[in-house]
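Data from input.cif: mmCIF, C-alpha atoms and all ligand atoms
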```
data_query
#
loop_
_atom_site.label_atom_id
_atom_site.label_comp_id
_atom_site.auth_asym_id
_atom_site.auth_seq_id
_atom_site.Cartn_x
_atom_site.Cartn_y
_atom_site.Cartn_z
CA MET O 3 -75.20 93.30 -12.46
CA SER O 4 -75.90 92.90 -16.15
CA ALA O 5 -74.63 89.58 -17.51
CA ALA O 6 -73.95 91.34 -20.78
CA THR O 7 -72.26 94.53 -19.62
CA GLY O 8 -71.31 94.08 -15.99
CA GLN O 9 -73.35 97.22 -15.23
CA PRO O 10 -76.02 97.34 -12.51
CA VAL O 11 -79.54 96.93 -13.89
CA ALA O 12 -82.83 98.18 -12.48
CA THR O 13 -84.98 95.68 -10.60
CA GLU O 14 -88.72 95.33 -11.22
CA PRO O 15 -90.35 94.99 -7.78
CA HIS O 16 -93.81 95.80 -9.14
CA VAL O 17 -93.78 93.45 -12.12
CA MET O 18 -95.14 89.99 -11.42
CA LYS O 19 -92.33 87.47 -11.63
CA THR O 20 -93.72 85.24 -14.37
CA TYR O 21 -90.52 85.37 -16.43
CA SER O 22 -86.88 84.52 -15.75
CA ARG O 23 -85.42 87.53 -17.47
CA LEU O 24 -81.88 88.26 -18.52
CA PRO O 25 -80.66 91.38 -16.73
CA LEU O 26 -80.71 93.67 -19.75
CA ALA O 27 -83.29 96.05 -21.22
CA LEU O 28 -83.51 96.85 -24.90
CA SER O 29 -83.86 100.47 -25.80
CA HIS O 30 -84.13 100.64 -29.60
CA GLY O 31 -83.38 98.78 -32.78
CA LYS O 32 -82.67 99.11 -36.48
CA GLY O 33 -83.07 96.26 -38.92
CA CYS O 34 -81.72 93.07 -37.31
CA TRP O 35 -79.79 94.96 -34.63
CA VAL O 36 -80.88 96.18 -31.20
CA TRP O 37 -79.23 98.24 -28.50
CA ASP O 38 -79.68 97.99 -24.76
CA THR O 39 -80.02 100.86 -22.33
CA ASP O 40 -76.26 100.76 -21.72
CA GLY O 41 -75.60 101.24 -25.43
CA LYS O 42 -74.48 97.64 -26.06
CA LYS O 43 -75.35 96.35 -29.55
CA TYR O 44 -76.84 92.90 -30.26
CA LEU O 45 -77.61 90.91 -33.40
CA ASP O 46 -81.22 89.79 -33.08
CA GLY O 47 -81.50 86.04 -33.58
CA LEU O 48 -84.75 85.93 -31.63
CA GLY O 49 -86.96 88.48 -33.39
CA GLY O 50 -89.07 88.93 -30.25
CA ILE O 51 -89.76 85.14 -30.45
CA ALA O 52 -90.76 85.08 -34.14
CA VAL O 53 -92.65 88.38 -33.89
CA ASN O 54 -90.45 91.07 -35.48
CA THR O 55 -90.94 89.91 -39.07
CA LEU O 56 -89.62 93.19 -40.47
CA GLY O 57 -86.94 93.66 -37.83
CA HIS O 58 -86.88 96.94 -35.94
CA ALA O 59 -87.86 100.47 -37.04
CA HIS O 60 -88.56 99.32 -40.59
CA PRO O 61 -88.51 102.42 -42.81
CA LYS O 62 -91.72 101.40 -44.64
CA LEU O 63 -93.67 100.12 -41.63
CA VAL O 64 -93.01 102.99 -39.22
CA PRO O 65 -94.54 105.82 -41.33
CA ALA O 66 -97.58 103.68 -42.17
CA LEU O 67 -98.22 102.96 -38.48
CA GLN O 68 -97.60 106.60 -37.57
CA GLU O 69 -100.22 107.63 -40.11
CA GLN O 70 -102.69 105.09 -38.67
CA LEU O 71 -102.01 106.27 -35.10
CA GLY O 72 -103.00 109.76 -36.18
CA LYS O 73 -106.22 108.54 -37.79
CA LEU O 74 -107.81 105.82 -35.67
CA ILE O 75 -106.29 103.35 -33.20
CA HIS O 76 -109.41 101.58 -32.04
CA SER O 77 -113.09 101.76 -32.87
CA SER O 78 -115.12 98.70 -31.81
CA ASN O 79 -116.51 95.55 -33.31
CA TYR O 80 -119.92 97.24 -32.96
CA TYR O 81 -119.06 98.80 -36.33
CA LEU O 82 -117.62 97.78 -39.67
CA VAL O 83 -113.81 97.89 -39.72
CA PRO O 84 -112.78 98.16 -43.39
CA LEU O 85 -109.15 97.26 -42.61
CA GLN O 86 -110.38 93.92 -41.19
CA GLU O 87 -111.90 93.01 -44.53
CA GLN O 88 -108.73 94.18 -46.31
CA LEU O 89 -106.45 92.00 -44.16
CA ALA O 90 -108.88 89.06 -44.12
CA ALA O 91 -109.19 89.09 -47.93
CA LYS O 92 -105.41 89.14 -48.25
CA LEU O 93 -104.95 86.26 -45.79
CA CYS O 94 -107.64 84.23 -47.56
CA GLY O 95 -105.91 84.86 -50.87
CA LEU O 96 -102.55 83.72 -49.51
CA SER O 97 -103.93 80.62 -47.80
CA GLY O 98 -106.82 79.56 -50.03
CA LEU O 99 -109.09 79.66 -46.97
CA ALA O 100 -112.48 81.35 -46.72
CA ASN O 101 -112.79 83.71 -43.75
CA VAL O 102 -111.02 85.06 -40.68
CA PHE O 103 -111.74 85.87 -37.02
CA PHE O 104 -109.36 88.46 -35.55
CA CYS O 105 -108.02 88.59 -32.00
CA SER O 106 -104.73 89.81 -30.51
CA THR O 107 -102.57 86.85 -29.47
CA GLY O 108 -101.69 83.27 -30.33
CA LEU O 109 -103.55 81.71 -27.44
CA GLU O 110 -106.70 83.62 -28.36
CA ALA O 111 -106.43 82.40 -31.95
CA ASN O 112 -106.10 78.87 -30.59
CA GLU O 113 -109.03 79.34 -28.19
CA ALA O 114 -111.15 80.36 -31.16
CA ALA O 115 -110.03 77.25 -33.06
CA LEU O 116 -110.83 75.01 -30.07
CA LYS O 117 -114.29 76.59 -29.76
CA ILE O 118 -114.84 76.02 -33.48
CA ALA O 119 -113.87 72.34 -33.12
CA ARG O 120 -116.24 71.86 -30.20
CA LYS O 121 -119.16 73.69 -31.83
CA PHE O 122 -118.51 71.84 -35.08
CA GLY O 123 -119.02 68.65 -33.05
CA HIS O 124 -122.13 69.89 -31.25
CA ASP O 125 -123.63 71.00 -34.58
CA LYS O 126 -123.16 67.39 -35.79
CA GLY O 127 -124.79 66.00 -32.63
CA VAL O 128 -121.58 65.03 -30.79
CA ALA O 129 -122.37 65.98 -27.18
CA ARG O 130 -118.81 65.56 -25.82
CA PRO O 131 -116.46 66.39 -28.69
CA GLU O 132 -112.80 65.39 -28.45
CA ILE O 133 -109.78 66.99 -30.12
CA VAL O 134 -106.56 65.17 -31.02
CA VAL O 135 -103.47 66.99 -29.69
CA TYR O 136 -99.75 66.19 -29.61
CA GLU O 137 -96.90 65.31 -27.30
CA ASN O 138 -94.51 68.27 -26.92
CA ALA O 139 -97.04 70.67 -28.44
CA PHE O 140 -97.36 74.26 -27.23
CA HIS O 141 -100.55 76.20 -27.84
CA GLY O 142 -100.57 78.90 -25.14
CA ARG O 143 -101.12 79.51 -21.46
CA SER O 144 -104.88 79.96 -21.03
CA ILE O 145 -106.56 77.06 -19.26
CA ALA O 146 -107.84 75.52 -22.51
CA THR O 147 -104.66 76.04 -24.52
CA LEU O 148 -102.37 74.81 -21.74
CA SER O 149 -104.58 71.73 -21.53
CA ALA O 150 -103.99 71.18 -25.26
CA THR O 151 -100.26 71.78 -24.73
CA GLY O 152 -98.14 68.63 -24.38
CA ASN O 153 -95.80 69.81 -21.65
CA ALA O 154 -96.28 68.81 -18.01
CA LYS O 155 -94.27 71.83 -16.80
CA VAL O 156 -96.68 74.26 -18.48
CA GLN O 157 -99.66 72.44 -16.95
CA ALA O 158 -98.28 71.90 -13.43
CA GLY O 159 -100.29 73.70 -10.78
CA PHE O 160 -103.23 74.59 -12.99
CA GLY O 161 -105.42 71.50 -12.82
CA PRO O 162 -108.09 70.46 -13.28
CA LEU O 163 -107.24 70.65 -16.95
CA VAL O 164 -109.87 71.09 -19.64
CA GLU O 165 -111.12 67.69 -20.73
CA GLY O 166 -111.76 66.47 -24.25
CA PHE O 167 -108.20 66.13 -25.57
CA VAL O 168 -106.69 62.89 -26.89
CA ARG O 169 -102.89 63.03 -27.10
CA VAL O 170 -100.73 61.29 -29.70
CA PRO O 171 -97.03 61.36 -30.66
CA LEU O 172 -95.99 63.49 -33.63
CA ASN O 173 -95.38 61.81 -37.00
CA ASP O 174 -97.00 58.53 -35.95
CA VAL O 175 -99.73 57.79 -38.51
CA ALA O 176 -100.66 54.50 -36.84
CA ALA O 177 -101.37 56.32 -33.55
CA LEU O 178 -103.73 58.72 -35.34
CA GLU O 179 -105.47 55.84 -37.10
CA ASP O 180 -105.81 54.10 -33.76
CA VAL O 181 -107.55 57.17 -32.32
CA ALA O 182 -109.92 57.11 -35.29
CA ALA O 183 -110.74 53.48 -34.54
CA THR O 184 -111.25 53.96 -30.79
CA HIS O 185 -112.61 57.50 -30.27
CA PRO O 186 -115.94 58.09 -32.02
CA ASN O 187 -116.33 61.60 -30.53
CA VAL O 188 -113.25 63.13 -32.15
CA THR O 189 -114.09 66.21 -34.21
CA ALA O 190 -110.67 67.72 -34.95
CA VAL O 191 -106.91 67.26 -35.11
CA PHE O 192 -104.99 70.23 -33.69
CA MET O 193 -101.25 70.52 -34.26
CA GLU O 194 -98.30 72.77 -35.01
CA VAL O 195 -96.68 72.18 -38.38
CA ILE O 196 -93.35 72.86 -36.68
CA GLN O 197 -93.42 72.58 -32.90
CA GLY O 198 -91.63 75.72 -31.74
CA GLU O 199 -91.55 75.66 -27.95
CA GLY O 200 -91.33 71.85 -28.07
CA GLY O 201 -87.88 72.04 -29.66
CA VAL O 202 -88.27 72.85 -33.39
CA ASN O 203 -89.81 69.47 -34.22
CA LEU O 204 -91.11 69.21 -37.78
CA ALA O 205 -94.26 67.36 -38.78
CA THR O 206 -93.21 65.51 -41.92
CA ALA O 207 -94.95 66.23 -45.22
CA ASN O 208 -96.09 62.60 -45.29
CA TYR O 209 -97.59 62.90 -41.83
CA LEU O 210 -99.41 66.12 -42.71
CA ARG O 211 -100.84 64.49 -45.85
CA ALA O 212 -101.89 61.43 -43.83
CA ALA O 213 -103.52 63.67 -41.22
CA ARG O 214 -105.42 65.47 -43.99
CA ARG O 215 -106.55 62.13 -45.44
CA ILE O 216 -107.65 60.77 -42.03
CA CYS O 217 -109.52 64.00 -41.22
CA ASP O 218 -111.33 63.85 -44.57
CA LYS O 219 -112.22 60.21 -44.08
CA HIS O 220 -113.75 60.76 -40.64
CA GLY O 221 -115.22 64.23 -41.12
CA TRP O 222 -112.76 65.86 -38.69
CA LEU O 223 -111.37 69.37 -38.92
CA LEU O 224 -107.63 69.65 -39.54
CA MET O 225 -106.54 72.65 -37.44
CA LEU O 226 -102.91 73.77 -37.92
CA ASP O 227 -101.42 76.12 -35.32
CA GLU O 228 -99.09 78.30 -37.39
CA VAL O 229 -98.71 80.95 -34.69
CA GLN O 230 -94.93 80.51 -34.68
CA CYS O 231 -94.05 78.80 -37.99
CA GLY O 232 -96.45 80.74 -40.24
CA MET O 233 -96.27 84.15 -41.93
CA GLY O 234 -93.33 83.43 -44.18
CA ARG O 235 -90.91 82.10 -41.60
CA THR O 236 -90.24 78.82 -43.44
CA GLY O 237 -90.05 80.42 -46.90
CA LYS O 238 -93.72 79.88 -47.79
CA TRP O 239 -96.55 81.96 -46.37
CA PHE O 240 -97.63 79.00 -44.25
CA ALA O 241 -95.48 76.00 -43.30
CA HIS O 242 -98.14 73.44 -44.28
CA GLN O 243 -97.95 74.69 -47.87
CA TRP O 244 -94.68 72.74 -48.26
CA ALA O 245 -96.80 69.56 -47.94
CA GLY O 246 -99.33 70.71 -50.54
CA ILE O 247 -102.28 70.42 -48.15
CA ARG O 248 -104.84 72.89 -46.85
CA PRO O 249 -106.18 72.98 -43.28
CA ASP O 250 -109.78 73.65 -42.18
CA ALA O 251 -108.64 76.11 -39.51
CA MET O 252 -105.32 77.89 -39.00
CA PRO O 253 -104.49 80.09 -35.99
CA LEU O 254 -101.90 82.81 -36.64
CA ALA O 255 -100.35 85.57 -34.49
CA LYS O 256 -96.72 86.51 -33.71
CA GLY O 257 -95.23 87.64 -37.06
CA LEU O 258 -98.55 88.80 -38.52
CA GLY O 259 -98.26 92.34 -37.14
CA SER O 260 -94.46 92.72 -37.01
CA GLY O 261 -94.68 93.51 -33.29
CA VAL O 262 -98.16 95.02 -33.06
CA PRO O 263 -100.35 92.36 -31.38
CA VAL O 264 -102.48 90.67 -34.05
CA GLY O 265 -104.02 87.20 -33.85
CA ALA O 266 -106.26 85.49 -36.35
CA VAL O 267 -107.91 82.17 -37.02
CA LEU O 268 -108.43 81.47 -40.70
CA CYS O 269 -111.09 78.94 -41.69
CA GLY O 270 -111.79 76.92 -44.80
CA PRO O 271 -115.32 76.23 -46.07
CA THR O 272 -116.08 73.42 -43.57
CA ALA O 273 -115.31 75.57 -40.52
CA ALA O 274 -116.06 79.05 -41.82
CA GLY O 275 -119.72 79.10 -40.78
CA VAL O 276 -119.45 77.35 -37.42
CA LEU O 277 -119.29 80.48 -35.25
CA GLN O 278 -122.38 82.66 -35.48
CA PRO O 279 -123.16 86.13 -34.04
CA GLY O 280 -122.89 85.96 -30.26
CA ASN O 281 -120.68 82.85 -30.22
CA HIS O 282 -117.33 84.62 -29.96
CA GLY O 283 -115.72 88.03 -29.80
CA SER O 284 -112.82 90.19 -28.67
CA THR O 285 -112.70 93.85 -27.66
CA PHE O 286 -109.26 94.54 -29.14
CA GLY O 287 -109.42 91.94 -31.92
CA GLY O 288 -109.19 93.46 -35.37
CA ASN O 289 -108.75 97.06 -34.27
CA PRO O 290 -107.61 99.49 -36.98
CA LEU O 291 -104.03 99.82 -35.71
CA ALA O 292 -103.58 96.03 -35.54
CA MET O 293 -105.14 95.53 -38.95
CA ARG O 294 -102.97 98.22 -40.53
CA ALA O 295 -99.92 96.48 -39.06
CA GLY O 296 -101.03 93.22 -40.68
CA VAL O 297 -101.81 94.78 -44.04
CA GLU O 298 -98.50 96.67 -44.15
CA THR O 299 -96.47 93.69 -42.93
CA ILE O 300 -97.77 91.55 -45.80
CA ARG O 301 -97.39 94.37 -48.34
CA ILE O 302 -93.75 94.93 -47.35
CA MET O 303 -93.05 91.20 -47.27
CA GLU O 304 -94.31 90.96 -50.85
CA GLU O 305 -92.50 94.09 -52.06
CA ASP O 306 -89.22 93.06 -50.49
CA GLU O 307 -89.58 89.34 -51.41
CA LEU O 308 -89.09 88.19 -47.85
CA LEU O 309 -90.36 84.65 -48.43
CA ALA O 310 -87.49 84.04 -50.83
CA ASN O 311 -85.14 85.75 -48.38
CA ALA O 312 -86.27 83.52 -45.49
CA ALA O 313 -85.71 80.43 -47.64
CA THR O 314 -82.32 81.37 -49.06
CA VAL O 315 -80.78 83.06 -46.02
CA GLY O 316 -82.22 80.30 -43.82
CA ALA O 317 -80.56 77.68 -46.02
CA VAL O 318 -77.23 79.54 -45.89
CA LEU O 319 -77.45 79.87 -42.11
CA ARG O 320 -78.33 76.24 -41.68
CA ALA O 321 -75.52 75.10 -43.99
CA THR O 322 -73.04 77.20 -42.03
CA LEU O 323 -74.28 75.79 -38.71
CA GLU O 324 -74.04 72.26 -40.11
CA HIS O 325 -70.54 72.92 -41.39
CA GLU O 326 -69.35 74.40 -38.09
CA LEU O 327 -71.21 72.18 -35.64
CA GLY O 328 -72.12 69.05 -37.60
CA GLY O 329 -69.40 66.77 -36.28
CA VAL O 330 -69.03 68.35 -32.84
CA ALA O 331 -69.52 65.95 -29.92
CA GLY O 332 -72.61 67.04 -27.97
CA VAL O 333 -74.48 68.46 -30.98
CA THR O 334 -77.31 65.98 -31.49
CA GLU O 335 -79.12 67.49 -34.48
CA ILE O 336 -79.52 70.69 -36.49
CA ARG O 337 -83.02 71.03 -37.90
CA GLY O 338 -85.71 73.45 -39.01
CA GLN O 339 -86.85 75.23 -42.12
CA GLY O 340 -86.20 78.72 -43.44
CA LEU O 341 -85.51 81.07 -40.54
CA MET O 342 -86.83 78.72 -37.86
CA LEU O 343 -83.80 76.70 -36.84
CA GLY O 344 -82.94 74.52 -33.87
CA ILE O 345 -79.61 73.12 -32.72
CA GLU O 346 -80.23 70.27 -30.30
CA LEU O 347 -77.50 69.55 -27.77
CA ASP O 348 -77.12 66.50 -25.57
CA ARG O 349 -77.47 68.55 -22.38
CA PRO O 350 -79.49 71.44 -20.93
CA CYS O 351 -78.08 74.66 -22.29
CA GLY O 352 -80.16 77.51 -20.84
CA GLU O 353 -77.01 79.29 -19.73
CA LEU O 354 -76.18 79.90 -23.41
CA LEU O 355 -78.79 82.69 -23.36
CA GLY O 356 -76.66 84.85 -21.09
CA ARG O 357 -73.41 83.83 -22.73
CA ALA O 358 -74.79 84.74 -26.16
CA ALA O 359 -76.09 88.08 -24.89
CA ALA O 360 -72.69 88.85 -23.40
CA ALA O 361 -71.21 88.14 -26.84
CA GLY O 362 -73.77 90.46 -28.51
CA LEU O 363 -76.26 87.91 -29.82
CA LEU O 364 -79.92 87.33 -28.86
CA ILE O 365 -81.11 83.72 -29.11
CA SER O 366 -83.55 81.43 -27.36
CA VAL O 367 -83.21 78.01 -25.76
CA THR O 368 -86.30 75.83 -25.78
CA ALA O 369 -87.13 72.32 -24.59
CA GLU O 370 -84.13 72.65 -22.26
CA ARG O 371 -81.50 71.68 -24.81
CA VAL O 372 -82.42 73.21 -28.15
CA VAL O 373 -80.82 76.49 -29.20
CA ARG O 374 -83.48 78.16 -31.35
CA LEU O 375 -83.03 80.92 -33.93
CA LEU O 376 -86.05 82.97 -35.07
CA PRO O 377 -84.49 86.11 -36.56
CA PRO O 378 -86.38 88.78 -38.50
CA LEU O 379 -87.16 87.71 -42.07
CA ILE O 380 -85.10 90.65 -43.37
CA LEU O 381 -81.87 88.96 -42.16
CA SER O 382 -79.16 89.34 -44.81
CA ALA O 383 -76.69 86.62 -45.80
CA ASP O 384 -73.93 88.70 -44.23
CA GLU O 385 -75.85 89.00 -40.95
CA ALA O 386 -76.50 85.24 -41.05
CA ALA O 387 -72.76 84.69 -41.38
CA GLN O 388 -72.14 87.02 -38.42
CA MET O 389 -74.78 85.14 -36.41
CA ALA O 390 -73.13 81.79 -37.06
CA ALA O 391 -69.69 83.27 -36.34
CA MET O 392 -70.92 84.46 -32.93
CA LEU O 393 -72.96 81.40 -32.03
CA CYS O 394 -70.82 78.43 -33.09
CA PRO O 395 -67.78 79.19 -30.89
CA LEU O 396 -70.12 79.77 -27.93
CA ILE O 397 -71.74 76.36 -28.42
CA LYS O 398 -68.37 74.64 -28.84
CA GLN O 399 -66.98 76.32 -25.74
CA PHE O 400 -70.12 75.48 -23.77
CA LEU O 401 -69.94 71.82 -24.78
CA ALA O 402 -66.26 71.68 -23.91
CA THR O 403 -66.79 73.08 -20.41
CA SER O 404 -70.29 71.97 -19.27
CA PRO O 405 -70.84 68.33 -18.35
CA ALA O 406 -73.59 66.38 -20.11
CA THR O 407 -76.49 65.55 -17.77
CA PRO O 408 -79.33 63.09 -18.18
CA ARG O 409 -82.61 64.42 -19.64
CA SER O 410 -85.03 65.57 -16.91
CA SER O 411 -88.20 63.53 -16.64
CA ALA O 412 -90.52 66.60 -16.70
C1 LIG O 501 -97.33 77.47 -31.76
C2 LIG O 501 -97.77 78.47 -30.73
N1 LIG O 501 -99.07 78.61 -30.47
C3 LIG O 501 -99.52 79.50 -29.58
C4 LIG O 501 -98.65 80.30 -28.88
C5 LIG O 501 -99.18 81.29 -27.88
O1 LIG O 501 -99.08 82.57 -28.40
P1 LIG O 501 -99.23 83.85 -27.44
O2 LIG O 501 -98.04 83.86 -26.54
O3 LIG O 501 -99.30 85.01 -28.38
O4 LIG O 501 -100.51 83.67 -26.69
C6 LIG O 501 -97.28 80.19 -29.11
C7 LIG O 501 -96.33 81.02 -28.36
O5 LIG O 501 -95.17 80.75 -28.30
C8 LIG O 501 -96.83 79.26 -30.07
O6 LIG O 501 -95.53 79.10 -30.33
#
```

Please render this file's structure as structure tokens.
Ligand SMILES: Cc1ncc(COP(=O)(O)O)c(C=O)c1O
Amino acid sequence: MSAATGQPVATEPHVMKTYSRLPLALSHGKGCWVWDTDGKKYLDGLGGIAVNTLGHAHPKLVPALQEQLGKLIHSSNYYLVPLQEQLAAKLCGLSGLANVFFCSTGLEANEAALKIARKFGHDKGVARPEIVVYENAFHGRSIATLSATGNAKVQAGFGPLVEGFVRVPLNDVAALEDVAATHPNVTAVFMEVIQGEGGVNLATANYLRAARRICDKHGWLLMLDEVQCGMGRTGKWFAHQWAGIRPDAMPLAKGLGSGVPVGAVLCGPTAAGVLQPGNHGSTFGGNPLAMRAGVETIRIMEEDELLANAATVGAVLRATLEHELGGVAGVTEIRGQGLMLGIELDRPCGELLGRAAAAGLLISVTAERVVRLLPPLILSADEAAQMAAMLCPLIKQFLATSPATPRSSA
């Protein structure tokens, strides 16, 4: 039975069971709203996990992609792809970085960054380069990126892990300085500016500036995974821009193509020439359909001033959540930036997913006890108010009826 509608739902005997899915299937969407196959309507507070930048069926994106589908979906990286240069030039302009490698997903963008960090070390004569990574980080589910990830549950069952990572706590400058003093083979620092899967944990501006300074001092690359927090979500193109710093490498994906798979790693001058012909590649990476999605996503974001929208509507949503939930027993903290918000509770709250869906709201719960909102960047102030009006009573009711339990050790 569907948790949301009480109707029977189809099973998926032939789909590998790698996900715990809610028993509902989405059929179509418009703006920040989606409908399931039973006709039930939901407000989208998830945005396909920070992917649907422009919401659903955007009236400017759809015709552009339809035109591209009719022209050329895929060619090959054997040939020039003019749309790659168009998107790369735009991304370099927005970030101040120098060049771009295109792939299709976040983990691939991170793999490229990790290869760059290792080759950067080898080119300097470091035979066994090491990369600084973070507790509670999430970088993907390939063997290398899950090894960089700071979550034992993601790693369990997949050892031996890739070696060459040194792990530190977030926002602890002394720990990073200690690594500099004790690990001569380090070649890069690799971190999310806002840890998404780890529970919406923000690197402070001071920490980011210190990391930049330490990287400069020791000749390390600063590599910022903005797969989830980048592409306008925080109200600037890239979350690190709030700290006034610039990375040497920046993986992107998720929101870059508004739902069409696009990944990219952007590099500054120090990292831009590390990979040479034959060092890296991707069959799908940078194909014309993906590149058109990236170009049009950015064009529409600029035309419709979606950075400002993410900042202002995000601030309104956060203020409403703080007003409604701030003093409620069991609400530990409300945090985030722009339209990347987390409400931490004092107990596991995964069941809120189904309860929210039943009430007509799509959300996520991450790090066991953090309700996370990642809506499309087109969210209006009115829709933000509706989102808070749906979510806050659910959280209060949940806290009133579900006992607090100790944090699991995993
Ligand atoms: C910060 C970060 N990096 C990398 C990834 C992996 O991206 P993908 O699932 O596209 O491989 C994610 C996915 O959630 C992410 O949040």

Protein and nucleic residues near ligand LIG 501 (chain O), 6 Å, all atoms listed in the file, as an NGL selection string: :O and (107-109 or 140-142 or 194 or 198-199 or 227-230)

Polymer residues at most 12 Å from O:Pro61, only C-alpha atoms, same-chain spacing of 4 or more positions, as a ChimeraX atom specification: /O:31-33,56-57,65-68,298-299,302

Residues within 12 Å of (-78.7, 76.7, -42.3), file coords, all atoms listed in the file, listed as a PyMOL selection string: chain O and resi 236+312-328+336-345+375+383+386-387+389-390

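What separates atom CA of O:Gly201 from atom CA of O:Arg374 is a distance of 7.7 Å.
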
Close residues, O:Lys398 itself excluded, 10 Å, only C-alpha atoms, min 5 positions apart in chain, as a list in words: Glu326, Leu327, Val330, Ala331, Gly332, Val333, Leu393 and Thr403 of chain O

Option closest in space to O:Arg215, from O:Gly161, O:Gly287, O:Pro263, O:Pro249 [counting all atoms listed in the file]: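 Of all the options, O:Pro249 lies closest to O:Arg215.
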
Take stretch 270-283 of chain O from the block and save it with N, CA and C atoms, as a PDB file, in the first residue's frame.
```
ATOM      1  N   GLY O 270      41.651  25.780 -11.129  1.00  0.00           N
ATOM      2  CA  GLY O 270      42.387  27.033 -11.203  1.00  0.00           C
ATOM      3  C   GLY O 270      43.747  26.790 -11.828  1.00  0.00           C
ATOM      4  N   PRO O 271      44.561  27.848 -11.966  1.00  0.00           N
ATOM      5  CA  PRO O 271      45.815  27.746 -12.713  1.00  0.00           C
ATOM      6  C   PRO O 271      46.758  26.653 -12.199  1.00  0.00           C
ATOM      7  N   THR O 272      46.797  26.401 -10.894  1.00  0.00           N
ATOM      8  CA  THR O 272      47.754  25.415 -10.363  1.00  0.00           C
ATOM      9  C   THR O 272      47.392  23.992 -10.778  1.00  0.00           C
ATOM     10  N   ALA O 273      46.093  23.728 -10.931  1.00  0.00           N
ATOM     11  CA  ALA O 273      45.654  22.359 -11.230  1.00  0.00           C
ATOM     12  C   ALA O 273      45.257  22.166 -12.686  1.00  0.00           C
ATOM     13  N   ALA O 274      45.103  23.276 -13.407  1.00  0.00           N
ATOM     14  CA  ALA O 274      44.491  23.196 -14.742  1.00  0.00           C
ATOM     15  C   ALA O 274      45.288  22.362 -15.740  1.00  0.00           C
ATOM     16  N   GLY O 275      46.602  22.266 -15.551  1.00  0.00           N
ATOM     17  CA  GLY O 275      47.412  21.549 -16.545  1.00  0.00           C
ATOM     18  C   GLY O 275      47.871  20.183 -16.082  1.00  0.00           C
ATOM     19  N   VAL O 276      47.335  19.721 -14.950  1.00  0.00           N
ATOM     20  CA  VAL O 276      47.833  18.454 -14.384  1.00  0.00           C
ATOM     21  C   VAL O 276      47.461  17.267 -15.271  1.00  0.00           C
ATOM     22  N   LEU O 277      46.204  17.195 -15.693  1.00  0.00           N
ATOM     23  CA  LEU O 277      45.776  16.069 -16.536  1.00  0.00           C
ATOM     24  C   LEU O 277      46.105  16.369 -18.002  1.00  0.00           C
ATOM     25  N   GLN O 278      46.749  15.441 -18.633  1.00  0.00           N
ATOM     26  CA  GLN O 278      47.178  15.583 -20.022  1.00  0.00           C
ATOM     27  C   GLN O 278      46.447  14.545 -20.889  1.00  0.00           C
ATOM     28  N   PRO O 279      46.483  14.691 -22.217  1.00  0.00           N
ATOM     29  CA  PRO O 279      45.788  13.724 -23.079  1.00  0.00           C
ATOM     30  C   PRO O 279      46.143  12.282 -22.703  1.00  0.00           C
ATOM     31  N   GLY O 280      45.107  11.470 -22.530  1.00  0.00           N
ATOM     32  CA  GLY O 280      45.306  10.075 -22.159  1.00  0.00           C
ATOM     33  C   GLY O 280      45.191   9.818 -20.669  1.00  0.00           C
ATOM     34  N   ASN O 281      45.233  10.876 -19.847  1.00  0.00           N
ATOM     35  CA  ASN O 281      45.167  10.683 -18.396  1.00  0.00           C
ATOM     36  C   ASN O 281      43.752  10.433 -17.889  1.00  0.00           C
ATOM     37  N   HIS O 282      42.750  10.931 -18.592  1.00  0.00           N
ATOM     38  CA  HIS O 282      41.397  10.837 -18.050  1.00  0.00           C
ATOM     39  C   HIS O 282      40.403  10.986 -19.185  1.00  0.00           C
ATOM     40  N   GLY O 283      39.178  10.519 -18.965  1.00  0.00           N
ATOM     41  CA  GLY O 283      38.168  10.648 -20.008  1.00  0.00           C
ATOM     42  C   GLY O 283      36.836  10.107 -19.550  1.00  0.00           C
TER      43      GLY O 283
END
```
